[in-house]
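Q: Okay, here's the structure, questions in a sec.
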Amino acid sequence: MSSSTDIGRNIAEVTNRIAQAARKVRRDVEEVTLVTVTKTIDVERVQVAYEHGIRHFGENRVQEAVGKIGQLDIPATWHMIGHLQTNKAKDAVRLFDVIQSIDSVHVARAVSRHAQAASKLIPILLEVNTSGEPQKYGFRPEEVANAAREVALLPSLRIEGLMTVAPLVTEPEEARPFFRKLRELRDQLKTSLPNINWQHLSMGMTDDFEVAIEEGATLVRIGRAIFGERQPGRQVF
């Protein structure tokens, strides 16, 4: 388990790697936001990350976030990054500031309904299955434009871009085609649906975030490089 010192050092190293990847392709590092993934991470270590400057956190499961976010009295931005079931949409609207994982119009409608009831405007990303893997959630690339047209009409939601999860690969470079596909899709959508804000590309995790940044990522979701390997069965909050 990472100590406070380890977490601080890891955050500094990841931040430096993000900056180097951005500079490599002549991007402004300010364009890239680190979303620190806190799945299975206890509140004490999340607090340490916050004390070392982290302001964006990502959770995969609403059930885990319910207890964790409630215990943490920190002015942070919480991102829902895992698959969202419609029966958890009400809690997701209450807990999260951003929902990155809208993977169907059905889910979008549920989030919209609860956001409207709560008088909340929720920034969302549309999740795209760029690899075509059957076990992954997300719209097929050819579905995104029509889905975006429908979702854009729903009240209390604001589309801000796209998200993808690349396949597990041996070498980071192997993930590049999937990141590039998301960027190219985003560029097409900017032309075909210019009234929607396509500013964000959420892609890249611990093993491949530098390649994702080279391909245009604005949000990278990193957990293991900051907190170390997850402890199976560990109490999370």
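Identifiers for the structure tokens are assigned positionally: chains receive A, B, ... in sequence, residues are indexed from 1 per chain, and ligands are indexed from 1 in the order shown.
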Hey, could you make a per-residue contact list for region 114-168 of chain A against region 61-81 of chain A with 12 Å as the cut-off, showing the nearest pair of atoms and its distance in Å to one decimal, counting only C-alpha atoms, sorted by chain and number, as a Markdown table?

A:
```
| residue | atom | partner | partner_atom | distance |
| --- | --- | --- | --- | --- |
| A:Ile122 | CA | A:His79 | CA | 10.7 |
| A:Pro123 | CA | A:His79 | CA | 9.8 |
| A:Ile124 | CA | A:Met80 | CA | 9.4 |
| A:Leu125 | CA | A:Ile81 | CA | 9.6 |
| A:Leu126 | CA | A:Ile81 | CA | 10.9 |
| A:Glu127 | CA | A:Ile81 | CA | 9.4 |
| A:Tyr137 | CA | A:Ile81 | CA | 11.5 |
| A:Gly138 | CA | A:Ile81 | CA | 11.9 |
| A:Leu162 | CA | A:Ile81 | CA | 11.8 |
| A:Met163 | CA | A:Ile81 | CA | 9.0 |
| A:Thr164 | CA | A:Ile81 | CA | 10.0 |
| A:Val165 | CA | A:Ile81 | CA | 10.0 |
```

Q: With 8 Å as the cut-off and only C-alpha atoms counted, what is the closest atom pair between each nearby residue of region 80-160 of chain A and region 181-192 of chain A? Distances in Å to one decimal, ordered by chain and number, as CSV.

A:
```
residue,atom,partner,partner_atom,distance
A:Val128,CA,A:Leu182,CA,7.6
A:Thr130,CA,A:Lys181,CA,6.7
A:Pro141,CA,A:Leu185,CA,7.2
A:Ala145,CA,A:Leu189,CA,6.8
```

Q: Write the selection just made, keeping N, CA and C atoms, as a PDB file, in the first residue's frame?

A:
```pdb
ATOM      1  N   VAL A 128     -17.528   5.666 -26.284  1.00  0.00           N
ATOM      2  CA  VAL A 128     -17.454   5.012 -27.588  1.00  0.00           C
ATOM      3  C   VAL A 128     -16.591   3.754 -27.471  1.00  0.00           C
ATOM      4  N   THR A 130     -14.325   2.001 -29.237  1.00  0.00           N
ATOM      5  CA  THR A 130     -13.494   2.145 -30.439  1.00  0.00           C
ATOM      6  C   THR A 130     -12.850   0.831 -30.865  1.00  0.00           C
ATOM      7  N   PRO A 141     -18.845   3.488 -33.153  1.00  0.00           N
ATOM      8  CA  PRO A 141     -18.509   4.786 -33.752  1.00  0.00           C
ATOM      9  C   PRO A 141     -19.563   5.300 -34.723  1.00  0.00           C
ATOM     10  N   ALA A 145     -23.126   9.885 -33.905  1.00  0.00           N
ATOM     11  CA  ALA A 145     -23.735  11.123 -34.412  1.00  0.00           C
ATOM     12  C   ALA A 145     -25.242  11.142 -34.149  1.00  0.00           C
TER      13      ALA A 145
END
```

Q: Select, from A:Asn60, A:Ser156, A:Ser104, A:Gln199, the residue with the minimum atom-to-atom distance to Ser119 (chain A), counting only C-alpha atoms.

A: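 The answer is A:Ser156, which sits nearest to Ser119 (chain A).
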
Q: Please run DSSP on the backbone and report, as JSON, numbers by chain, all residues within region 10-146 of chain A that come out as helix (DSSP H, G or I).

A: {"A": [10, 11, 12, 13, 14, 15, 16, 17, 18, 19, 20, 21, 22, 23, 24, 29, 30, 31, 43, 44, 45, 46, 47, 48, 49, 50, 51, 62, 63, 64, 65, 66, 67, 68, 69, 70, 71, 86, 87, 88, 89, 90, 91, 92, 93, 94, 95, 105, 106, 107, 108, 109, 110, 111, 112, 113, 114, 115, 116, 117, 141, 142, 143, 144, 145, 146]}

Q: By how many Å are CA of Pro194 (chain A) and CA of Ser112 (chain A) apart?

A: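 Result for CA of Pro194 (chain A) versus CA of Ser112 (chain A): 21.6 Å, one decimal.
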
Q: Taking only C-alpha atoms into account, name the residue in A:Ala92, A:Val169, A:Ala225, A:Ala175 that is nearest to Gly204 (chain A).

A: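 That would be A:Ala175, the residue with the smallest distance to Gly204 (chain A).
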
Q: Find the residue from A:Lys24, A:Arg45, A:Arg113, A:Lys120 that sits nearest to Phe227 (chain A); use only C-alpha atoms when measuring.

A: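 For Phe227 (chain A), the nearest of the candidates is A:Arg45.
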
Q: Find the spatial neighbours of region 82-91 of chain A, counting only C-alpha atoms, within a cut-off of 7 Å - ignore same-chain residues fewer than 4 positions away - and output them as number ranges by chain.

A: A: 59-62, 95, 101, 107, 110-111, 114

Q: Output the selection as a PDB file, in the first residue's frame - C-alpha atoms for each residue.

A:
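Saved to result-v8.pdb:
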```
ATOM      1  CA  GLU A  59     -15.025   6.518  -9.512  1.00  0.00           C
ATOM      2  CA  ASN A  60     -16.185   3.409 -11.372  1.00  0.00           C
ATOM      3  CA  ARG A  61     -19.125   2.377  -9.212  1.00  0.00           C
ATOM      4  CA  VAL A  62     -21.909   4.436  -7.696  1.00  0.00           C
ATOM      5  CA  LEU A  95     -22.876  12.522  -6.272  1.00  0.00           C
ATOM      6  CA  SER A 101     -19.705   7.069 -19.306  1.00  0.00           C
ATOM      7  CA  VAL A 107     -29.001   5.898 -19.802  1.00  0.00           C
ATOM      8  CA  ALA A 110     -32.491   8.487 -17.039  1.00  0.00           C
ATOM      9  CA  VAL A 111     -29.720  10.904 -16.086  1.00  0.00           C
ATOM     10  CA  HIS A 114     -33.062  12.965 -12.444  1.00  0.00           C
TER      11      HIS A 114
END
```
